[in-house]
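Since the structure comes first, as structure tokens, the remarks are kept for the end.
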Amino acid sequence: MTLPTQLVLRAFLEQPAEELYGLEVCARAQLASGTIHPILARLESVGWLVSRWEEADPHEQGRPRRRYYRLSPDGCVSARAALARATADRNALGVLRPGLAGGAG
């Protein structure tokens with residue numbers, strides 16, 4: 001799992017029931033929108049995220065319509081497990097090759 005994907009999942013797991021739109025995900029994950037939208041699409045395609053378009057009229061709002069995303073119940077469980085594995089893998093690499101994982105060397 002890529003680091004950007006991990007950051008996106010962590011952003012959702014901060015408050016798993018909360019809906020976020022793209023720019024909120026960008027801010028929480030500290031990633032550019034061009035990076036997060038393919039990740040959001042991929043996570044939705046595997047069922048980890050569900051999305052909906054807001055019902056507000058974009059002309060009344062003075063901005064484009066937002067698409068809101070949230071973790072599905074299965075996605076929440078899967079995201080936690082995947083992040084735990086990624087953390088364990090990263091920690092194992094640090095033990096096996098401390099120069100690479102620790103940044104010094």
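Identifiers in the structure tokens: chain A, B, ... in order shown; residue index from 1 per chain; ligand index from 1 in order shown.
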Task: DSSP-assigned alpha helix (DSSP H) members of chain A, reported as a ChimeraX atom specification - done: /A:3-13,22-29,33-45,58-61,73-96,98-101
Saved selection, atoms kept: C-alpha atoms, as a PDB file, in the first residue's frame:
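Listing of out.pdb after writing:
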```
ATOM      1  CA  LEU A   3       2.115   6.054   1.547  1.00  0.00           C
ATOM      2  CA  PRO A   4      -0.448   8.438  -0.037  1.00  0.00           C
ATOM      3  CA  THR A   5      -3.124   5.722   0.252  1.00  0.00           C
ATOM      4  CA  GLN A   6      -2.197   5.219   3.894  1.00  0.00           C
ATOM      5  CA  LEU A   7      -2.493   8.963   4.527  1.00  0.00           C
ATOM      6  CA  VAL A   8      -5.944   9.060   2.905  1.00  0.00           C
ATOM      7  CA  LEU A   9      -7.134   6.110   4.984  1.00  0.00           C
ATOM      8  CA  ARG A  10      -5.784   7.682   8.160  1.00  0.00           C
ATOM      9  CA  ALA A  11      -7.695  10.877   7.331  1.00  0.00           C
ATOM     10  CA  PHE A  12     -10.935   8.892   7.154  1.00  0.00           C
ATOM     11  CA  LEU A  13     -10.174   6.858  10.259  1.00  0.00           C
ATOM     12  CA  GLY A  22     -12.111  16.013  -1.756  1.00  0.00           C
ATOM     13  CA  LEU A  23     -10.504  19.199  -0.458  1.00  0.00           C
ATOM     14  CA  GLU A  24     -11.077  18.108   3.142  1.00  0.00           C
ATOM     15  CA  VAL A  25      -9.291  14.845   2.393  1.00  0.00           C
ATOM     16  CA  CYS A  26      -6.458  16.819   0.765  1.00  0.00           C
ATOM     17  CA  ALA A  27      -6.060  19.001   3.839  1.00  0.00           C
ATOM     18  CA  ARG A  28      -6.190  16.144   6.348  1.00  0.00           C
ATOM     19  CA  ALA A  29      -3.866  13.894   4.352  1.00  0.00           C
ATOM     20  CA  SER A  33      -6.052  16.874  -5.152  1.00  0.00           C
ATOM     21  CA  GLY A  34      -4.487  15.261  -8.210  1.00  0.00           C
ATOM     22  CA  THR A  35      -3.081  12.629  -5.870  1.00  0.00           C
ATOM     23  CA  ILE A  36      -6.143  11.882  -3.778  1.00  0.00           C
ATOM     24  CA  HIS A  37      -8.856  11.598  -6.408  1.00  0.00           C
ATOM     25  CA  PRO A  38      -7.432   8.437  -8.025  1.00  0.00           C
ATOM     26  CA  ILE A  39      -7.021   6.983  -4.535  1.00  0.00           C
ATOM     27  CA  LEU A  40     -10.621   7.823  -3.626  1.00  0.00           C
ATOM     28  CA  ALA A  41     -11.862   6.223  -6.851  1.00  0.00           C
ATOM     29  CA  ARG A  42      -9.800   3.084  -6.230  1.00  0.00           C
ATOM     30  CA  LEU A  43     -10.968   2.771  -2.611  1.00  0.00           C
ATOM     31  CA  GLU A  44     -14.566   3.219  -3.706  1.00  0.00           C
ATOM     32  CA  SER A  45     -14.191   0.592  -6.441  1.00  0.00           C
ATOM     33  CA  PRO A  58     -23.962  24.743  -7.187  1.00  0.00           C
ATOM     34  CA  HIS A  59     -25.251  28.074  -8.528  1.00  0.00           C
ATOM     35  CA  GLU A  60     -26.742  28.965  -5.146  1.00  0.00           C
ATOM     36  CA  GLN A  61     -23.576  27.842  -3.370  1.00  0.00           C
ATOM     37  CA  PRO A  73     -18.438  -0.534   7.562  1.00  0.00           C
ATOM     38  CA  ASP A  74     -16.308  -3.188   5.820  1.00  0.00           C
ATOM     39  CA  GLY A  75     -13.948  -0.477   4.598  1.00  0.00           C
ATOM     40  CA  CYS A  76     -13.371   0.711   8.141  1.00  0.00           C
ATOM     41  CA  VAL A  77     -12.375  -2.792   9.256  1.00  0.00           C
ATOM     42  CA  SER A  78     -10.272  -3.371   6.143  1.00  0.00           C
ATOM     43  CA  ALA A  79      -8.541   0.018   6.417  1.00  0.00           C
ATOM     44  CA  ARG A  80      -7.569  -0.585  10.042  1.00  0.00           C
ATOM     45  CA  ALA A  81      -6.193  -4.034   9.194  1.00  0.00           C
ATOM     46  CA  ALA A  82      -4.308  -2.777   6.115  1.00  0.00           C
ATOM     47  CA  LEU A  83      -2.742   0.094   8.049  1.00  0.00           C
ATOM     48  CA  ALA A  84      -1.727  -2.276  10.846  1.00  0.00           C
ATOM     49  CA  ARG A  85      -0.038  -4.535   8.270  1.00  0.00           C
ATOM     50  CA  ALA A  86       1.676  -1.566   6.616  1.00  0.00           C
ATOM     51  CA  THR A  87       2.967  -0.362   9.981  1.00  0.00           C
ATOM     52  CA  ALA A  88       4.191  -3.857  10.875  1.00  0.00           C
ATOM     53  CA  ASP A  89       5.916  -4.168   7.488  1.00  0.00           C
ATOM     54  CA  ARG A  90       7.565  -0.770   7.914  1.00  0.00           C
ATOM     55  CA  ASN A  91       8.708  -1.691  11.423  1.00  0.00           C
ATOM     56  CA  ALA A  92      10.087  -5.025  10.173  1.00  0.00           C
ATOM     57  CA  LEU A  93      12.070  -3.215   7.497  1.00  0.00           C
ATOM     58  CA  GLY A  94      13.492  -0.941  10.163  1.00  0.00           C
ATOM     59  CA  VAL A  95      14.700  -3.947  12.137  1.00  0.00           C
ATOM     60  CA  LEU A  96      16.114  -5.710   9.105  1.00  0.00           C
ATOM     61  CA  PRO A  98      17.869   0.209   9.786  1.00  0.00           C
ATOM     62  CA  GLY A  99      19.888   2.393   7.405  1.00  0.00           C
ATOM     63  CA  LEU A 100      17.051   2.441   4.865  1.00  0.00           C
ATOM     64  CA  ALA A 101      14.098   2.659   7.199  1.00  0.00           C
TER      65      ALA A 101
END
```
- [ ] Excluding A:Glu19 and any residue of its chain fewer than 4 positions from it, enumerate the residues within 10 Å of it, using only C-alpha atoms, and give them as an NGL selection string.
- [x] :A and (12 or 15 or 24-25 or 50-52 or 67-71)
Task: Filtered DSSP result for chain A, state strand (DSSP E or B), as a list in words - done: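 After running DSSP on the backbone, chain A has strand (DSSP E or B) at Leu20, Tyr21, Leu49, Val50, Ser51, Arg52, Trp53, Arg67, Tyr68, Tyr69, Arg70 and Leu71 of chain A.
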Keeping only all heavy atoms, write the selected residues as a tab-separated table (two decimals), in the first residue's frame.
```tsv
chain	number	residue	atom	x	y	z
A	20	LEU	N	-16.41	13.24	4.13
A	20	LEU	CA	-15.43	14.24	3.73
A	20	LEU	C	-15.53	14.46	2.23
A	20	LEU	O	-15.74	13.51	1.48
A	20	LEU	CB	-14.00	13.77	4.05
A	20	LEU	CG	-13.67	13.44	5.50
A	20	LEU	CD1	-12.28	12.83	5.58
A	20	LEU	CD2	-13.76	14.69	6.36
A	21	TYR	N	-15.35	15.69	1.79
A	21	TYR	CA	-15.26	15.94	0.35
A	21	TYR	C	-13.78	16.09	0.00
A	21	TYR	O	-12.91	16.18	0.88
A	21	TYR	CB	-16.11	17.13	-0.08
A	21	TYR	CG	-15.72	18.47	0.48
A	21	TYR	CD1	-14.87	19.32	-0.22
A	21	TYR	CD2	-16.23	18.91	1.70
A	21	TYR	CE1	-14.52	20.56	0.29
A	21	TYR	CE2	-15.89	20.15	2.20
A	21	TYR	CZ	-15.03	20.97	1.49
A	21	TYR	OH	-14.68	22.20	2.00
A	49	LEU	N	-14.87	2.70	0.43
A	49	LEU	CA	-15.53	4.00	0.55
A	49	LEU	C	-16.86	3.96	-0.17
A	49	LEU	O	-17.02	3.22	-1.15
A	49	LEU	CB	-14.69	5.11	-0.08
A	49	LEU	CG	-13.35	5.48	0.54
A	49	LEU	CD1	-12.68	6.58	-0.27
A	49	LEU	CD2	-13.53	5.92	1.99
A	50	VAL	N	-17.79	4.75	0.31
A	50	VAL	CA	-19.03	5.02	-0.41
A	50	VAL	C	-19.08	6.53	-0.61
A	50	VAL	O	-18.50	7.30	0.16
A	50	VAL	CB	-20.27	4.50	0.34
A	50	VAL	CG1	-20.28	2.99	0.40
A	50	VAL	CG2	-20.35	5.08	1.74
A	51	SER	N	-19.77	6.95	-1.67
A	51	SER	CA	-19.82	8.38	-1.94
A	51	SER	C	-21.23	8.79	-2.35
A	51	SER	O	-22.06	7.96	-2.71
A	51	SER	CB	-18.83	8.76	-3.03
A	51	SER	OG	-19.24	8.26	-4.29
A	52	ARG	N	-21.44	10.10	-2.30
A	52	ARG	CA	-22.69	10.68	-2.76
A	52	ARG	C	-22.40	12.11	-3.18
A	52	ARG	O	-21.47	12.74	-2.68
A	52	ARG	CB	-23.76	10.65	-1.67
A	52	ARG	CG	-23.44	11.58	-0.51
A	52	ARG	CD	-24.59	11.71	0.48
A	52	ARG	NE	-24.23	12.63	1.54
A	52	ARG	CZ	-24.38	13.96	1.49
A	52	ARG	NH1	-24.90	14.54	0.42
A	52	ARG	NH2	-24.02	14.73	2.51
A	53	TRP	N	-23.20	12.60	-4.11
A	53	TRP	CA	-23.12	14.00	-4.50
A	53	TRP	C	-24.00	14.80	-3.55
A	53	TRP	O	-25.09	14.35	-3.19
A	53	TRP	CB	-23.60	14.20	-5.93
A	53	TRP	CG	-22.60	13.72	-6.94
A	53	TRP	CD1	-22.65	12.56	-7.65
A	53	TRP	CD2	-21.41	14.39	-7.34
A	53	TRP	NE1	-21.56	12.46	-8.48
A	53	TRP	CE2	-20.78	13.58	-8.31
A	53	TRP	CE3	-20.80	15.60	-6.98
A	53	TRP	CZ2	-19.58	13.94	-8.92
A	53	TRP	CZ3	-19.61	15.95	-7.60
A	53	TRP	CH2	-19.01	15.12	-8.55
A	67	ARG	N	-18.63	16.09	-3.93
A	67	ARG	CA	-18.86	14.66	-3.75
A	67	ARG	C	-18.32	14.29	-2.38
A	67	ARG	O	-17.15	14.55	-2.08
A	67	ARG	CB	-18.15	13.86	-4.85
A	67	ARG	CG	-18.48	12.39	-4.80
A	67	ARG	CD	-17.87	11.68	-5.98
A	67	ARG	NE	-18.37	10.33	-6.04
A	67	ARG	CZ	-18.90	9.77	-7.10
A	67	ARG	NH1	-18.98	10.45	-8.23
A	67	ARG	NH2	-19.32	8.54	-7.06
A	68	TYR	N	-19.17	13.72	-1.55
A	68	TYR	CA	-18.79	13.35	-0.20
A	68	TYR	C	-18.48	11.86	-0.14
A	68	TYR	O	-19.19	11.04	-0.73
A	68	TYR	CB	-19.91	13.68	0.78
A	68	TYR	CG	-20.01	15.16	1.07
A	68	TYR	CD1	-20.84	15.98	0.32
A	68	TYR	CD2	-19.26	15.72	2.09
A	68	TYR	CE1	-20.93	17.34	0.59
A	68	TYR	CE2	-19.34	17.08	2.37
A	68	TYR	CZ	-20.17	17.88	1.60
A	68	TYR	OH	-20.24	19.23	1.86
A	69	TYR	N	-17.43	11.53	0.61
A	69	TYR	CA	-16.97	10.15	0.78
A	69	TYR	C	-16.97	9.82	2.26
A	69	TYR	O	-16.72	10.67	3.11
A	69	TYR	CB	-15.54	9.99	0.27
A	69	TYR	CG	-15.36	10.26	-1.19
A	69	TYR	CD1	-15.14	11.56	-1.66
A	69	TYR	CD2	-15.40	9.23	-2.13
A	69	TYR	CE1	-14.97	11.82	-3.01
A	69	TYR	CE2	-15.23	9.48	-3.48
A	69	TYR	CZ	-15.02	10.77	-3.90
A	69	TYR	OH	-14.85	11.03	-5.24
A	70	ARG	N	-17.23	8.55	2.55
A	70	ARG	CA	-17.06	8.04	3.92
A	70	ARG	C	-16.68	6.58	3.83
A	70	ARG	O	-16.92	5.91	2.82
A	70	ARG	CB	-18.31	8.25	4.77
A	70	ARG	CG	-19.48	7.43	4.36
A	70	ARG	CD	-20.62	7.53	5.37
A	70	ARG	NE	-21.81	6.89	4.83
A	70	ARG	CZ	-22.00	5.59	4.77
A	70	ARG	NH1	-21.09	4.75	5.21
A	70	ARG	NH2	-23.11	5.10	4.25
A	71	LEU	N	-16.10	6.09	4.90
A	71	LEU	CA	-15.75	4.68	4.97
A	71	LEU	C	-17.02	3.84	5.07
A	71	LEU	O	-17.94	4.18	5.80
A	71	LEU	CB	-14.88	4.39	6.19
A	71	LEU	CG	-13.43	4.83	6.13
A	71	LEU	CD1	-12.80	4.74	7.51
A	71	LEU	CD2	-12.65	4.01	5.12
```
